[in-house]
Number of protein chains: 2
Amino acid sequence: MGTKSGLHQRQYRHQLDAPASLPVGKPRQIFEHLQAAIVEHRLVPGAKLPEDELCAFFGVSRTQVRSALHALAHSGLLTIERHRGAFVAKPSPSEATEVFEARALIEPHIAGLTARRATADDIGYLRDHVRTEHEALAAGDISKSLSLSGRFHIAIADIAGHELLGGFVRSLVSRSSLIIALYWRNRDTTCESHSHTALIDAFEAEDVTRAADMMKDHIVELRDGLDLTERNAPTTSLADLLSSVESASQQQSE
Amino acid sequence: MGTKSGLHQRQYRHQLDAPASLPVGKPRQIFEHLQAAIVEHRLVPGAKLPEDELCAFFGVSRTQVRSALHALAHSGLLTIERHRGAFVAKPSPSEATEVFEARALIEPHIAGLTARRATADDIGYLRDHVRTEHEALAAGDISKSLSLSGRFHIAIADIAGHELLGGFVRSLVSRSSLIIALYWRNRDTTCESHSHTALIDAFEAEDVTRAADMMKDHIVELRDGLDLTERNAPTTSLADLLSSVESASQQQSE
DNA sequence: TAGGCAGAGATCGTATACGAGCGTGCATTG
DNA sequence: CAATGCACGCTCGTATACGATCTCTGCCTA
């Protein structure tokens, strides 16, 4: 099937593309368009996505919009409430914690695989990527910087060659972007790309253990850049509480 | 939000229910019905699921059936081919390998959490569950036994209380059922429930490390019960190659 | 004046209808 | 007789229409 030989012909897309389950076509384009908008923080958590407006914007019928919306909901980027509509998800602090716990579990393993499999070309690609990240940072484009940082993790997952875990990473990275929009602490943005560079060094040295450890530390570092104290969600402000979407539908504990 | 207090009032559903993303209603029922049929091997891999027949069976319109079908495709249980229809997925050996690699990574972590959090009631529930598994085995009901075995892992994930990783486990267990249908070796079915009992003992002792190690071994044991040699998919016969569904759409390495 | 209720508007859920792509069988031709 | 082209039918993709539910606003009443 060319899983191993495909390594040498990697396409270096590394985009946040839609899962393979939804077929090519307009719904997929809508999915990716909306996903990009959410990941790049142009659509903020809690924002409503009325079907009619999306229909008008994309020039299609509600059928396709709904298909994309449901796929995004399945990816955890949207919450759909019956007879109310689709909203950009607002992960609670506990959900955010879970996302980073999952990343701290999965991505080190991925990094280990990458350290084993990365070719010289892959290393070169990753270094280029980090360079682009630096440029975005230097230009003060925080949004682009964050987006690129996410894609870096996806690139690593792609090199690891594990389709399944790679899909998990894609999903987790997307949701992380949402979490950052909500709980970001606004400081030491720069330390990240250093971690990235060090990570690449570990890949180049084919040091599986070090790569895994560094990735683990990096994820923890990312999480520590967030303010996930519970006070954020339940009692920030009245306005927030009223527009709060997640408390109604996410908890299925009844 | 009662995430911690909910532990004491656990409902012990532990079913293979649909992800929280798709709203309650008929589509969810259809989803769960089909999922159950697939997991219990009543719908074999490669089987076609024509929308019209499903509409007739469930007494609803195509809209709802399609919604459920797409959700199942997103879960990896179905593959939908444009203008061809929905088919029960036929995971390739490499995909199967990935599923068990992912389980070997995630479930030991889950088991560690479970060892920390399991209450006496939880332990009791798990022991009851194993007892039921034994009964199914004694009755020679292989299908039910496999199904229960899967639910055991889901029960553990529920006790662990990690919604996100729990969702991953649910998905992986479902797909494992599909994999077992394809690559099962037909022997030593009984060793499993011993592993389960030993696992519960580790939970009861609150021995995190041992629980994780045992789960890891158990997953490896499960995988070793399969015949995942590559010869199965690529070169069995021409007929197989022609009816092979997964090679066309799953591999995006073009 | 404050609270509750009812109606209108808007949005979503579901069903149905039509068009497009694909598979199959037959007819035709070399 | 075999191979190829064509046309038919079937299934799915998409659009549209209708009904259900929610929300908002205005009015009525205490």
# chains A, B, ... in the order shown; residues from 1 in each chain; ligands from 1
call {"tool": "select_by_dssp", "arguments": {"residues": "region 52-189 of chain B", "states": "helix (DSSP H, G or I)", "output": "PyMOL selection string"}}
result
chain B and resi 52-58+62-74+93-117+120-138+142-160+163-183
call {"tool": "closest_atom_pairs", "arguments": {"of": "chain A", "to": "chain C", "cutoff": "7 Å", "atoms": "only C-alpha atoms (C1' of nucleotides)", "output": "CSV"}}
result
residue,atom,partner,partner_atom,distance
A:His83,CA,C:DC12,C1',4.8
A:Arg84,CA,C:DC12,C1',6.8
A:Gly85,CA,C:DC12,C1',6.8
call {"tool": "write_last_selection", "arguments": {"atoms": "N, CA and C atoms", "output": "CSV table (one decimal), in the first residue's frame"}}
result
chain,number,residue,atom,x,y,z
A,83,HIS,N,-33.0,22.6,17.9
A,83,HIS,CA,-33.8,23.7,17.7
A,83,HIS,C,-33.2,25.1,18.1
A,84,ARG,N,-31.9,25.1,18.3
A,84,ARG,CA,-31.3,26.3,18.6
A,84,ARG,C,-30.2,26.7,17.6
A,85,GLY,N,-29.5,25.7,17.2
A,85,GLY,CA,-28.5,26.0,16.2
A,85,GLY,C,-27.1,25.5,16.5
call {"tool": "atom_distance", "arguments": {"atom1": "CA of Ser67 (chain A)", "atom2": "CA of Val99 (chain B)"}}
result
26.6 Å
call {"tool": "residues_around", "arguments": {"residues": "region 60-64 of chain B", "least_positions_apart": "6", "cutoff": "7 Å", "atoms": "only C-alpha atoms (C1' of nucleotides)", "output": "list in words"}}
result
Pro27, Glu51 and Asp52 of chain B; DA15 of chain C
call {"tool": "write_last_selection", "arguments": {"atoms": "N, CA and C atoms (P, O5', C5', C4', C3', O3' and C1' of nucleotides)", "output": "PDB file, in the first residue's frame"}}
result
ATOM      1  N   PRO B  27     -32.130   9.796  14.676  1.00  0.00           N
ATOM      2  CA  PRO B  27     -30.826   9.461  14.098  1.00  0.00           C
ATOM      3  C   PRO B  27     -29.927   8.742  15.101  1.00  0.00           C
ATOM      4  N   GLU B  51     -29.589   2.868   1.625  1.00  0.00           N
ATOM      5  CA  GLU B  51     -30.374   3.823   2.391  1.00  0.00           C
ATOM      6  C   GLU B  51     -31.851   3.470   2.377  1.00  0.00           C
ATOM      7  N   ASP B  52     -32.351   3.072   1.220  1.00  0.00           N
ATOM      8  CA  ASP B  52     -33.782   2.796   1.115  1.00  0.00           C
ATOM      9  C   ASP B  52     -34.213   1.671   2.043  1.00  0.00           C
TER      10      ASP B  52
ATOM     11  P    DA C  15     -38.789  11.989   8.684  1.00  0.00           P
ATOM     12  O5'  DA C  15     -39.459  12.553   7.362  1.00  0.00           O
ATOM     13  C5'  DA C  15     -40.699  13.234   7.475  1.00  0.00           C
ATOM     14  C4'  DA C  15     -41.170  13.725   6.115  1.00  0.00           C
ATOM     15  C3'  DA C  15     -41.093  12.685   4.985  1.00  0.00           C
ATOM     16  O3'  DA C  15     -42.331  12.640   4.292  1.00  0.00           O
ATOM     17  C1'  DA C  15     -39.910  14.667   4.374  1.00  0.00           C
TER      18       DA C  15
END
call {"tool": "closest_residue", "arguments": {"among": "D:DA30, D:DA3, D:DC12, D:DC18", "to": "chain B", "atoms": "only C-alpha atoms (C1' of nucleotides)"}}
result
D:DC12
call {"tool": "interface_residues", "arguments": {"of": "chain A", "to": "chain B", "cutoff": "6 Å", "atoms": "only C-alpha atoms", "output": "PDB file with C-alpha atoms, in the first residue's frame"}}
result
ATOM      1  CA  SER A  21     -14.724   9.836   6.486  1.00  0.00           C
ATOM      2  CA  ALA A  73     -19.689  18.932  15.879  1.00  0.00           C
ATOM      3  CA  HIS A  74     -18.331  15.415  15.776  1.00  0.00           C
TER       4      HIS A  74
END
